[in-house]
Amino acid sequence: MRVPVQLILGAILTAVFIAAAVLSFVWVPHDVTALNIAAKLQPPSATYPLGTDHFGRDILSMLMVGARTSIAVALVAVGIGLALGVPLGLTAAANRGHWIDDLVMRGNDLIFAFPSLVIAILITAVFGPSAVNAIIAIGIFNIPVFARVARGGALSLWTLDYILAARVAGKRAARISVEHILPNIANLLIVQGTIQFSLGILAEAGLSYVGLGAQPPTPSWGRMLADAQTMIYTAPRLAVLPGLAIVFMVLGLNLMGDGLRDLLDPRLRRVRT
Amino acid sequence: MIGVRDLSLSLAGRPILRDVSFDMAPGRIFGLVGESGSGKSMTALALMGLLPQGAQVSGRALLDDTDLLALDERSLCALRGNEIGMIFQEPMTALNPVQTIGDQVAETLLVHGRATRAEARRIARQKLDRVGLPAERFPLDRYPHQLSGGQRQRVCIAMAIALRPRLLIADEPTTALDVTTQSQILDLLKGLVADEGMALLLITHDLAVVADMADDLAVMRRGEIVEQGPTEQVFRTRQHPYTQALFDASDHQPEGGSTPHPAPMLAVRGAVRTYPGARRGLWGRAEPVRAVDGVSFQLHRGESLGLVGESGCGKSTLTRAILGLEALQGGEILLDGQAVEAGQPMPPDMRRKMQVVFQDPYASFNPRHRVARLVAEPFHLTVRPADADARVAEALRAVDLSPDDAGKYIHEFSGGQRQRIAIARALITRPELIVLDEAVSALDVRVRAQILDLLADLRGRLGLSYLFISHDLNVVRAITDRVLVMRAGRIVEQGPTDRVLAQPEHPYTRGLLDAAPRIPPQWQQREDGDERPVV
Amino acid sequence: MLHFVLTRLLSLTLSLIVASLVIFAVIELVPGDPAAFMLGLNATPEAVAALRADLGLTGSPVARYLDWTGGLLRGDFGQSYTYRVPVSELILQRLWVSLPLAALALALSTAIAFPVGLLAAARRGRATDYGIMGATQLGIAVPNFWFAMLLVLVFAVNLRWFSAGGFPGWEAGAGPALKALILPAVALALPQASILARVLRSALIETLGQDYIRSARAKGLSQGQALRRHALRNALIPVLTIIGLQFSFLLAGAIIIENVFFLPGLGRLIFQGITQRDLIVVESVVMLLVFAVITVTFLVDIAYALVDPRLRHRR
């Protein structure tokens with residue numbers, strides 16, 4: 001099997017960011033909590049590879065720790081979506097035409113009516129802003145996405161003869177869903193997972209940009225951008241670098257998702273030729 | 001008029017057609033017969049210039065003096081629909097679902113600039129009338145989803161003949177249709193060839209259809225024409241062994257079988273299954289649809305019972321009810337004296353007694369499991385025996401596969417082999433009754449003959465009973481002792497298969513038999529004097 | 001068709017009722033007394049009690065819910081505590097910024113996505129297609145608020161073609177007002193256009209593989225004619241879904257973009273509401289956003305039926 005170029009490219013980009021995030025737990029070039037006004041707004045140099053911000057903090061170090069925040073938030077949010085959405089979708093598909101299916105799908109539509117930012121606003125209005133609330137807001141929005149993907153994939157499988165054969169063998173719907181359906185929709189879920197991961201990164205950046213995400217002193221890409229906005233005339237570099245980090249991380253995940261789809265789904269591969 | 005010379009074709013380096021040559025004449029039907037993968041559809045697409053990307057073609061296809069294979073895309077567009085029309089196998093998907101049938105027929109005229117919009121609609125109306133879709137029942141603003149499969153195929157024909165092309169290509173035009181609809185469509189095509197004087201290239205896998213339709217015939221195998229000539233002559237001489245093999249397989253009578261005991265294996269009494277009617281308005285509903293409407297019959301131990309009927313007659317619903325997958329609203333189903341109840345797990349002992357084989361060998365298996373696990377799946381409810389692996393090996397041997405195949409994945413097998421694995425899966429619990437739901441319908445004739453032999457042999461050796469559901473009278477003739485004919489939810493006729501198929505009593509059965517194309521009996525004796533028993 | 005519209009309307013109403021219940025319940029969850037929460041730590045008990053009465057917090061939850069939704073139906077959204085004006089007035093003012101912004105962005109995104117998606121599908125597998133796919137891949141990865149900052153950097157700071165933010169108000173005339181909305185709309189539209197173009201392309205390519213396209217080609221249509229006459233309309237169904245979803249993303253995205261450009265829209269209102277603990281404003285604006293999304297979903301459903309006769313005729 002030929003591995004698509006975009007998969008390799010995407011995996012490399014993603015790996016770089018994940019490696020930087022993991023590395024930041026044990027080592028960063030400079031402490032991101034220590035302020036050093038004397039060294040503020042320095043251009044890139046040997047000591048500060050990407051320069052410093054208005055508090056004299058090292059940009060590279062902040063980007064590394066920011067990657068940690070972004071990835072953690074997006075990953076947990078995908079986890080919430082998978083853990084709750086997939087069982088819901090499978091249950092709905094197994095009970096097609098039954099009120100359970102209707103209930104799950106109407107519930108999905110209802111969540112879709114609340115854009116993730118609106119959910120975040122509601123949660124923040126009640127519990128105050130924090131990274132955890134950002135995770136919950138993005139995670140809630142992921143639930144109907146995975147539920148739909150799981151249900152759609154499962155529905156097309158439920159009509160196949162091998163599912164009928166399993167039913168004739170006396171297997172119950174729950175067992176069939178786990179044994180026959182889930183492994184055969186895993187491809188779809190993996191691809192959707194990378195897409196939601198990248199959307200999560202974007203959403204987290206947006207939320208922390210408007211102050212609804214991770215709170216100081218935890219560095220995050222979105223808040224770095226918010227801080228940089230006031231200095232866009234004097235230090236445009238501060239606004240450009242975190243943005244580039246977001247773009248490359250999301251680009252890497254999307255390329256990986258597309259590449260995985262090509263690799264895992266022969267039907268789609270056929271369409272491309 | 002149309003001459004194909006040394007047509008060769010390869011796709012991505014793989015040879016598909018080799019040196020295909022034949023001639024077609026106006027007002028005549030040329031049949032191209034072969035099994036799946038023989039290259040007959042590719043031949044048609046090559047003539048239309050609609051080959052997939054990356055196809056390498058050589059040779060010539062002359063329409064008068066024009067070589068179709070040498071034309072550029074522009075000239076081909078001008079030619080398609082104009083000089084050459086084509087209809088395809090699957091009428092359910094061959095029409096654009098969001099456009100009216102009138103617009104789709106008129107488009108053929110408009111795209112070639114041969115009529116104004118109003119004129120095109122007038123001609124579309126005429127053509128739809130001609131193909132048997134009269135204005136009062138089929139106005140131009142009907143959408144495809146409002147028509148049945150046969151009616152949609154008529155629309156496709158109207159589209160293809162709107163500009164009176166000189167060549168019409170029909171690629172398996174009736175394979176997806178019921179037998180009575182098939183005979184109507186074939187009659188329509190015959191009539192069009194006679195009236196309009198066009199040449200028809202009829203592509204089919206069904207020898208009986210070409211015997212009935214074609215003036216001339218070519219038999220294709222692995223991209224080559226192995227034999228061709230006037231239809232009757234090809235049928236009578238069968239010079240090529242492959243032609244002979246196809247011929248034998250198409251009317252194959254397996255040996256073996258067993259004698260039924262009068263004890264009932266399966267009893268269905270007054271079975272009724274209705275579905276809620278279509279919604280009318282906000283709260284109203286149409287009358288409920290009675291899919292199965294008071295069906296009663298008995299299947300004896302060791303008997304092979306056929307259930308025939310056209311699509312929508314209720315045989316699928318009845319089958320699902322027998323398997324315990326669908327609840328009945330009335331009546332009862334007894335398997336060896338015990339009631340089958342949907343919605344509750346069948347007791348293991350009952351499960352063991354009844355197994356099933358489905359139609360589509362490609363959808364019947366979870367692609368992620370190995371054969372051993374697939375075949376052993378029915379052990380789920382019965383207790384998994386200690387010698388399960390040995391039982392799997394035994395089942396695989398019973399269907400003429402090797403026990404080593406247990407470690408392979410399903411994609412490593414051909415359609416016929418997969419159907420053998422499906423039978424092995426059914427045999428694993430040592431059942432007494434196997435429900436065969438269109439179990440050989442998706443197979444090529446020669447593979448079908450082999451599977452029928454296998455089924456007959458297993459029945460004799462293991463004393464099995466079969467409930468054989470099929471739309472194909474030939475298959476039912478080959479494998480069943482007794483037959484039930486189902487129509488609109490009811491059994492309209494039943495009796496010994498030989499008697500029902502030879503002297504049908506119900507007009508519907510008679511209609512089915514008349515509609516089924518047949519190779520004329522007098523063609524079955526070989527011309528060279530080699531006497532063969534007429535079966 | 002009438003039946004279709006009626007059932008959709010029914011489900012729209014149900015969704016609205018459930019959504020209002022959810023929002024009401026969430027606001028009820030605010031720990032402690034909302035009135036005290038709004039006024040902060042230094043409030044006197046009398047002031048809190050007065051505000052409670054003002055807010056209608058004195059009855060049972062059921063009565064208060066009915067009160068609130070009844071008010072919504074009459075267009076009475078209550079009094080904003082911080083602004084001391086009816087919330088409906090505030091919202092109406094801000095709507096005149098947010099709605100044109102979202103509409104402009106949606107129009108822009110659709111206008112860009114259609115030709116681009118069609119071109120990519122028509123040239124699939126060739127250099128043009130790869131180029132477009134690469135560009136849209138990048139477009140999806142760019143966060144819109146960052147793109148907005150870059151636009152400000154280039155067009156406001158360096159080129160000085162636009163101002164970096166603010167809104168002159170419609171009183172200043174349509175020209176200046178629209179000009180103030182152009183950069184924000186572009187920032188919102190480009191990422192969305194990238195998504196839409198990709199969806200359109202893959203929907204078109206999927207449709208091009210259908211049997212009826214082969215039928216159309218057999219009639220003598222060229223590849224391009226088959227694409228325009230048969231594939232496009234069938235590919236519209238997934239595309240409409242995305243356009244509908246995008247509207248909600250655009251409304252939400254607008255909340256952030258308004259912050260970049262200092263536009264006095266709903267987004268600014270909601271953030272002010274949060275920071276000043278003006279829960280009535282938050283509650284009402286959220287309800288309005290949800291109402292907008294549900295209505296758009298309804299319109300998309302109707303559009304489906306217009307495109308696809310099978311839905312129209314299903315009873």
# chains A, B, ... in the order shown; residues from 1 in each chain; ligands from 1
>>> interface_residues(of="chain B", to="chain C", cutoff="6 Å", atoms="only C-alpha atoms", output="list in words")
Cys77, Arg80, Gly81, Thr93, Ala94, Leu95, Asn96, Val98, Thr108, Arg279 and Gly281 of chain B
>>> write_last_selection(atoms="N, CA, C and O atoms", output="PDB file, in the first residue's frame")
ATOM      1  N   CYS B  77     -18.871  13.449 -28.740  1.00  0.00           N
ATOM      2  CA  CYS B  77     -20.052  14.042 -28.109  1.00  0.00           C
ATOM      3  C   CYS B  77     -21.152  14.249 -29.144  1.00  0.00           C
ATOM      4  O   CYS B  77     -22.333  14.038 -28.876  1.00  0.00           O
ATOM      5  N   ARG B  80     -22.558  10.620 -29.863  1.00  0.00           N
ATOM      6  CA  ARG B  80     -23.306   9.937 -28.818  1.00  0.00           C
ATOM      7  C   ARG B  80     -24.708  10.506 -28.719  1.00  0.00           C
ATOM      8  O   ARG B  80     -24.881  11.714 -28.732  1.00  0.00           O
ATOM      9  N   GLY B  81     -25.685   9.620 -28.580  1.00  0.00           N
ATOM     10  CA  GLY B  81     -27.051  10.080 -28.461  1.00  0.00           C
ATOM     11  C   GLY B  81     -27.647  10.417 -29.806  1.00  0.00           C
ATOM     12  O   GLY B  81     -28.860  10.480 -29.969  1.00  0.00           O
ATOM     13  N   THR B  93     -30.881   3.803 -10.920  1.00  0.00           N
ATOM     14  CA  THR B  93     -29.938   4.903 -10.710  1.00  0.00           C
ATOM     15  C   THR B  93     -29.521   5.583 -12.009  1.00  0.00           C
ATOM     16  O   THR B  93     -28.696   6.476 -11.998  1.00  0.00           O
ATOM     17  N   ALA B  94     -30.097   5.157 -13.134  1.00  0.00           N
ATOM     18  CA  ALA B  94     -29.625   5.671 -14.423  1.00  0.00           C
ATOM     19  C   ALA B  94     -30.248   7.013 -14.785  1.00  0.00           C
ATOM     20  O   ALA B  94     -29.864   7.621 -15.782  1.00  0.00           O
ATOM     21  N   LEU B  95     -31.234   7.469 -13.994  1.00  0.00           N
ATOM     22  CA  LEU B  95     -31.860   8.758 -14.295  1.00  0.00           C
ATOM     23  C   LEU B  95     -31.528   9.763 -13.200  1.00  0.00           C
ATOM     24  O   LEU B  95     -31.431   9.397 -12.028  1.00  0.00           O
ATOM     25  N   ASN B  96     -31.373  11.011 -13.616  1.00  0.00           N
ATOM     26  CA  ASN B  96     -31.095  12.081 -12.655  1.00  0.00           C
ATOM     27  C   ASN B  96     -32.308  12.274 -11.747  1.00  0.00           C
ATOM     28  O   ASN B  96     -33.387  12.619 -12.220  1.00  0.00           O
ATOM     29  N   VAL B  98     -33.257  14.533  -9.734  1.00  0.00           N
ATOM     30  CA  VAL B  98     -33.843  15.852  -9.504  1.00  0.00           C
ATOM     31  C   VAL B  98     -34.344  16.508 -10.795  1.00  0.00           C
ATOM     32  O   VAL B  98     -34.645  17.689 -10.801  1.00  0.00           O
ATOM     33  N   THR B 108     -31.738  15.088 -24.837  1.00  0.00           N
ATOM     34  CA  THR B 108     -31.034  14.437 -25.947  1.00  0.00           C
ATOM     35  C   THR B 108     -31.152  15.275 -27.222  1.00  0.00           C
ATOM     36  O   THR B 108     -30.183  15.457 -27.961  1.00  0.00           O
ATOM     37  N   ARG B 279     -47.948   8.004   4.913  1.00  0.00           N
ATOM     38  CA  ARG B 279     -48.614   9.132   5.551  1.00  0.00           C
ATOM     39  C   ARG B 279     -49.438   9.916   4.529  1.00  0.00           C
ATOM     40  O   ARG B 279     -49.040  10.102   3.411  1.00  0.00           O
ATOM     41  N   GLY B 281     -51.258  13.611   4.568  1.00  0.00           N
ATOM     42  CA  GLY B 281     -51.498  14.808   5.352  1.00  0.00           C
ATOM     43  C   GLY B 281     -50.725  14.727   6.663  1.00  0.00           C
ATOM     44  O   GLY B 281     -49.779  13.962   6.791  1.00  0.00           O
TER      45      GLY B 281
END
>>> select_by_dssp(residues="stretch 28-170 of chain A", states="helix (DSSP H, G or I)", output="PyMOL selection string")
chain A and resi 37-39+59-94+99-112+116-127+131-158+161-168
>>> write_last_selection(atoms="C-alpha atoms", output="compact mmCIF listing (two decimals), in the first residue's frame")
# COMPACT_ATOMS: atom_id res chain seq x y z
CA ILE A 37 11.16 43.81 31.58
CA ALA A 38 14.78 44.65 30.78
CA ALA A 39 14.67 42.17 27.94
CA ILE A 59 8.39 33.58 22.60
CA LEU A 60 9.67 30.12 21.71
CA SER A 61 9.15 28.89 25.27
CA MET A 62 5.66 30.36 25.34
CA LEU A 63 4.79 28.74 22.02
CA MET A 64 5.98 25.37 23.36
CA VAL A 65 3.89 25.62 26.52
CA GLY A 66 1.01 27.02 24.46
CA ALA A 67 1.14 23.94 22.26
CA ARG A 68 0.68 21.88 25.41
CA THR A 69 -2.45 23.81 26.33
CA SER A 70 -3.93 23.66 22.84
CA ILE A 71 -3.26 19.97 22.34
CA ALA A 72 -4.52 19.04 25.80
CA VAL A 73 -7.76 20.97 25.38
CA ALA A 74 -8.44 19.69 21.86
CA LEU A 75 -7.50 16.10 22.67
CA VAL A 76 -9.70 15.84 25.74
CA ALA A 77 -12.55 17.48 23.82
CA VAL A 78 -12.20 14.83 21.08
CA GLY A 79 -12.18 12.19 23.79
CA ILE A 80 -15.44 13.53 25.21
CA GLY A 81 -16.98 13.55 21.73
CA LEU A 82 -15.88 9.99 21.01
CA ALA A 83 -16.81 8.59 24.41
CA LEU A 84 -20.33 10.01 24.37
CA GLY A 85 -21.07 10.51 20.68
CA VAL A 86 -20.13 7.08 19.33
CA PRO A 87 -22.31 5.05 21.73
CA LEU A 88 -25.19 7.42 21.03
CA GLY A 89 -24.74 7.08 17.27
CA LEU A 90 -24.46 3.29 17.46
CA THR A 91 -27.55 3.08 19.66
CA ALA A 92 -29.50 5.30 17.28
CA ALA A 93 -28.51 3.20 14.28
CA ALA A 94 -29.36 -0.05 16.05
CA TRP A 99 -38.24 6.60 19.14
CA ILE A 100 -34.72 6.16 20.57
CA ASP A 101 -33.24 7.03 17.18
CA ASP A 102 -35.51 10.05 16.93
CA LEU A 103 -34.58 11.22 20.40
CA VAL A 104 -30.84 10.93 19.77
CA MET A 105 -31.06 12.71 16.43
CA ARG A 106 -33.28 15.51 17.78
CA GLY A 107 -30.87 15.89 20.69
CA ASN A 108 -28.05 16.20 18.18
CA ASP A 109 -29.89 18.87 16.23
CA LEU A 110 -30.44 20.75 19.46
CA ILE A 111 -26.73 20.81 20.31
CA PHE A 112 -25.95 21.89 16.75
CA SER A 116 -19.44 25.93 20.44
CA LEU A 117 -18.64 29.55 21.19
CA VAL A 118 -22.18 30.09 22.42
CA ILE A 119 -21.90 27.05 24.66
CA ALA A 120 -18.63 28.43 25.97
CA ILE A 121 -20.23 31.78 26.63
CA LEU A 122 -23.07 30.17 28.56
CA ILE A 123 -20.69 28.04 30.61
CA THR A 124 -18.40 30.97 31.26
CA ALA A 125 -21.30 33.15 32.27
CA VAL A 126 -22.13 30.60 34.93
CA PHE A 127 -18.85 29.10 36.07
CA ALA A 131 -9.37 25.85 30.36
CA VAL A 132 -11.65 23.14 31.77
CA ASN A 133 -14.74 25.06 30.71
CA ALA A 134 -13.25 25.50 27.25
CA ILE A 135 -12.75 21.73 27.07
CA ILE A 136 -16.35 21.12 28.12
CA ALA A 137 -17.68 23.62 25.59
CA ILE A 138 -15.70 22.15 22.69
CA GLY A 139 -16.35 18.60 23.89
CA ILE A 140 -20.12 19.11 24.01
CA PHE A 141 -20.02 20.32 20.44
CA ASN A 142 -18.04 17.23 19.40
CA ILE A 143 -20.68 14.83 20.72
CA PRO A 144 -23.26 15.28 17.93
CA VAL A 145 -20.50 15.28 15.31
CA PHE A 146 -19.29 11.83 16.31
CA ALA A 147 -22.83 10.63 16.90
CA ARG A 148 -23.71 11.53 13.32
CA VAL A 149 -20.64 9.95 11.81
CA ALA A 150 -21.14 6.78 13.84
CA ARG A 151 -24.82 6.58 13.02
CA GLY A 152 -24.31 7.21 9.32
CA GLY A 153 -21.56 4.60 9.05
CA ALA A 154 -23.51 2.12 11.14
CA LEU A 155 -26.72 2.53 9.15
CA SER A 156 -25.03 1.56 5.90
CA LEU A 157 -23.57 -1.52 7.61
CA TRP A 158 -26.83 -2.61 9.23
CA ASP A 161 -26.04 -9.53 4.95
CA TYR A 162 -23.31 -10.26 7.46
CA ILE A 163 -25.15 -8.25 10.09
CA LEU A 164 -28.28 -10.23 9.23
CA ALA A 165 -26.24 -13.41 9.58
CA ALA A 166 -25.10 -12.30 13.03
CA ARG A 167 -28.70 -11.62 13.98
CA VAL A 168 -29.68 -15.06 12.78
>>> interface_residues(of="chain C", to="chain A", cutoff="9 Å", atoms="only C-alpha atoms", output="ChimeraX atom specification")
/C:11,15-16,18-19,23,26-31,124-125,137-138,140-147,149-150,152-153,157,202,205-206,209,245,248-249,251-253,255-256,259-260,270-271,273-275,277,279,282-283,286,289-294,297
>>> residues_around(residues="C:Leu204", least_positions_apart="6", cutoff="7 Å", atoms="only C-alpha atoms", output="PDB file with N, CA, C and O atoms, in the first residue's frame")
ATOM      1  N   ALA C 121     -13.381  20.591  -9.390  1.00  0.00           N
ATOM      2  CA  ALA C 121     -14.020  19.321  -9.756  1.00  0.00           C
ATOM      3  C   ALA C 121     -13.853  19.050 -11.247  1.00  0.00           C
ATOM      4  O   ALA C 121     -13.608  17.918 -11.665  1.00  0.00           O
ATOM      5  N   ALA C 231     -24.687  17.177 -12.428  1.00  0.00           N
ATOM      6  CA  ALA C 231     -23.985  16.939 -11.163  1.00  0.00           C
ATOM      7  C   ALA C 231     -24.251  18.066 -10.171  1.00  0.00           C
ATOM      8  O   ALA C 231     -24.482  17.818  -8.991  1.00  0.00           O
ATOM      9  N   LEU C 232     -24.254  19.307 -10.654  1.00  0.00           N
ATOM     10  CA  LEU C 232     -24.295  20.450  -9.741  1.00  0.00           C
ATOM     11  C   LEU C 232     -25.519  20.416  -8.837  1.00  0.00           C
ATOM     12  O   LEU C 232     -25.417  20.542  -7.626  1.00  0.00           O
ATOM     13  N   ALA C 235     -25.333  17.764  -6.312  1.00  0.00           N
ATOM     14  CA  ALA C 235     -24.284  17.993  -5.315  1.00  0.00           C
ATOM     15  C   ALA C 235     -24.692  19.087  -4.334  1.00  0.00           C
ATOM     16  O   ALA C 235     -24.057  19.279  -3.308  1.00  0.00           O
TER      17      ALA C 235
END
>>> residues_around(residues="stretch 402-418 of chain B", least_positions_apart="5", cutoff="7 Å", atoms="only C-alpha atoms", output="mmCIF file with all heavy atoms, in the first residue's frame")
data_model
loop_
_atom_site.group_PDB
_atom_site.id
_atom_site.type_symbol
_atom_site.label_atom_id
_atom_site.label_comp_id
_atom_site.auth_asym_id
_atom_site.auth_seq_id
_atom_site.Cartn_x
_atom_site.Cartn_y
_atom_site.Cartn_z
ATOM 1 N N PRO B 361 -22.664 -12.602 -1.953
ATOM 2 C CA PRO B 361 -21.472 -13.164 -1.318
ATOM 3 C C PRO B 361 -20.482 -12.087 -0.892
ATOM 4 O O PRO B 361 -19.591 -12.341 -0.089
ATOM 5 C CB PRO B 361 -20.883 -14.058 -2.406
ATOM 6 C CG PRO B 361 -21.443 -13.568 -3.686
ATOM 7 C CD PRO B 361 -22.768 -12.974 -3.365
ATOM 8 N N TYR B 362 -20.643 -10.870 -1.427
ATOM 9 C CA TYR B 362 -19.692 -9.812 -1.072
ATOM 10 C C TYR B 362 -20.114 -9.055 0.181
ATOM 11 O O TYR B 362 -19.326 -8.332 0.762
ATOM 12 C CB TYR B 362 -19.490 -8.853 -2.250
ATOM 13 C CG TYR B 362 -18.773 -9.560 -3.365
ATOM 14 C CD1 TYR B 362 -19.469 -10.247 -4.347
ATOM 15 C CD2 TYR B 362 -17.389 -9.607 -3.378
ATOM 16 C CE1 TYR B 362 -18.812 -10.952 -5.338
ATOM 17 C CE2 TYR B 362 -16.722 -10.307 -4.362
ATOM 18 C CZ TYR B 362 -17.436 -10.978 -5.340
ATOM 19 O OH TYR B 362 -16.770 -11.683 -6.292
ATOM 20 N N PRO B 367 -15.523 -8.081 6.844
ATOM 21 C CA PRO B 367 -14.219 -8.145 6.186
ATOM 22 C C PRO B 367 -13.053 -8.202 7.161
ATOM 23 O O PRO B 367 -11.919 -8.477 6.754
ATOM 24 C CB PRO B 367 -14.178 -6.845 5.370
ATOM 25 C CG PRO B 367 -15.173 -5.939 6.017
ATOM 26 C CD PRO B 367 -16.234 -6.834 6.571
ATOM 27 N N HIS B 369 -12.772 -10.153 9.922
ATOM 28 C CA HIS B 369 -12.585 -11.423 10.633
ATOM 29 C C HIS B 369 -12.037 -12.485 9.691
ATOM 30 O O HIS B 369 -12.304 -12.465 8.495
ATOM 31 C CB HIS B 369 -13.915 -11.898 11.217
ATOM 32 C CG HIS B 369 -14.435 -11.002 12.293
ATOM 33 N ND1 HIS B 369 -15.688 -11.119 12.830
ATOM 34 C CD2 HIS B 369 -13.862 -9.959 12.932
ATOM 35 C CE1 HIS B 369 -15.873 -10.208 13.756
ATOM 36 N NE2 HIS B 369 -14.779 -9.465 13.835
ATOM 37 N N ARG B 370 -11.303 -13.433 10.274
ATOM 38 C CA ARG B 370 -10.811 -14.551 9.480
ATOM 39 C C ARG B 370 -11.925 -15.569 9.288
ATOM 40 O O ARG B 370 -12.902 -15.595 10.033
ATOM 41 C CB ARG B 370 -9.632 -15.216 10.191
ATOM 42 C CG ARG B 370 -8.387 -14.381 10.182
ATOM 43 C CD ARG B 370 -7.307 -15.055 11.015
ATOM 44 N NE ARG B 370 -6.274 -14.098 11.376
ATOM 45 C CZ ARG B 370 -5.255 -13.779 10.584
ATOM 46 N NH1 ARG B 370 -5.113 -14.365 9.415
ATOM 47 N NH2 ARG B 370 -4.371 -12.890 10.966
ATOM 48 N N VAL B 371 -11.722 -16.423 8.274
ATOM 49 C CA VAL B 371 -12.753 -17.391 7.918
ATOM 50 C C VAL B 371 -13.150 -18.258 9.116
ATOM 51 O O VAL B 371 -14.332 -18.522 9.341
ATOM 52 C CB VAL B 371 -12.267 -18.256 6.736
ATOM 53 C CG1 VAL B 371 -13.165 -19.463 6.546
ATOM 54 C CG2 VAL B 371 -12.226 -17.409 5.478
ATOM 55 N N ALA B 372 -12.159 -18.657 9.930
ATOM 56 C CA ALA B 372 -12.480 -19.518 11.072
ATOM 57 C C ALA B 372 -13.519 -18.860 11.966
ATOM 58 O O ALA B 372 -14.490 -19.489 12.391
ATOM 59 C CB ALA B 372 -11.213 -19.807 11.877
ATOM 60 N N ALA B 393 -13.191 -27.021 10.317
ATOM 61 C CA ALA B 393 -12.473 -27.729 9.263
ATOM 62 C C ALA B 393 -13.407 -28.684 8.523
ATOM 63 O O ALA B 393 -13.409 -28.764 7.292
ATOM 64 C CB ALA B 393 -11.291 -28.495 9.862
ATOM 65 N N LEU B 396 -15.681 -26.723 6.241
ATOM 66 C CA LEU B 396 -14.972 -26.239 5.054
ATOM 67 C C LEU B 396 -14.751 -27.392 4.070
ATOM 68 O O LEU B 396 -14.893 -27.222 2.864
ATOM 69 C CB LEU B 396 -13.641 -25.593 5.448
ATOM 70 C CG LEU B 396 -13.762 -24.224 6.114
ATOM 71 C CD1 LEU B 396 -12.400 -23.737 6.592
ATOM 72 C CD2 LEU B 396 -14.379 -23.199 5.165
ATOM 73 N N ARG B 397 -14.418 -28.554 4.615
ATOM 74 C CA ARG B 397 -14.230 -29.714 3.735
ATOM 75 C C ARG B 397 -15.546 -30.080 3.055
ATOM 76 O O ARG B 397 -15.575 -30.429 1.876
ATOM 77 C CB ARG B 397 -13.690 -30.900 4.531
ATOM 78 C CG ARG B 397 -12.167 -31.061 4.406
ATOM 79 C CD ARG B 397 -11.723 -32.431 4.865
ATOM 80 N NE ARG B 397 -12.094 -32.675 6.265
ATOM 81 C CZ ARG B 397 -11.284 -32.394 7.284
ATOM 82 N NH1 ARG B 397 -10.086 -31.895 7.069
ATOM 83 N NH2 ARG B 397 -11.674 -32.611 8.522
ATOM 84 N N LEU B 443 -24.556 -15.229 -8.780
ATOM 85 C CA LEU B 443 -23.410 -15.972 -9.299
ATOM 86 C C LEU B 443 -23.487 -16.181 -10.813
ATOM 87 O O LEU B 443 -24.571 -16.267 -11.386
ATOM 88 C CB LEU B 443 -23.322 -17.345 -8.606
ATOM 89 C CG LEU B 443 -23.276 -17.302 -7.077
ATOM 90 C CD1 LEU B 443 -23.337 -18.710 -6.514
ATOM 91 C CD2 LEU B 443 -22.018 -16.585 -6.598
ATOM 92 N N VAL B 447 -20.544 -21.092 -12.069
ATOM 93 C CA VAL B 447 -20.383 -21.166 -10.615
ATOM 94 C C VAL B 447 -21.705 -21.579 -9.982
ATOM 95 O O VAL B 447 -21.746 -22.402 -9.058
ATOM 96 C CB VAL B 447 -19.922 -19.806 -10.067
ATOM 97 C CG1 VAL B 447 -19.753 -19.881 -8.564
ATOM 98 C CG2 VAL B 447 -18.628 -19.380 -10.734
#
>>> interface_residues(of="chain B", to="chain A", cutoff="6 Å", atoms="only C-alpha atoms", output="list in words")
Ala363, Ser364, Phe365, Pro378 and Leu381 of chain B
>>> atom_distance(atom1="atom CA of B:Asp437", atom2="atom CA of B:Thr319")
7.7 Å
>>> select_by_dssp(residues="stretch 282-486 of chain B", states="strand (DSSP E or B)", output="ChimeraX atom specification")
/B:284-285,289-300,304-308,330-335,338-339,354-357,370,409,433-437,465-470,482-486
>>> residues_around(residues="stretch 172-187 of chain C", least_positions_apart="6", cutoff="8 Å", atoms="only C-alpha atoms", output="number ranges by chain")
C: 101-102, 104-105, 108, 144-145, 147-148, 151-152, 162-163, 165-166, 257-258, 261
>>> atom_distance(atom1="atom CA of B:Met213", atom2="atom CA of B:Leu163")
23.2 Å
>>> atom_distance(atom1="atom CA of B:Val292", atom2="atom CA of B:Gly495")
19.7 Å
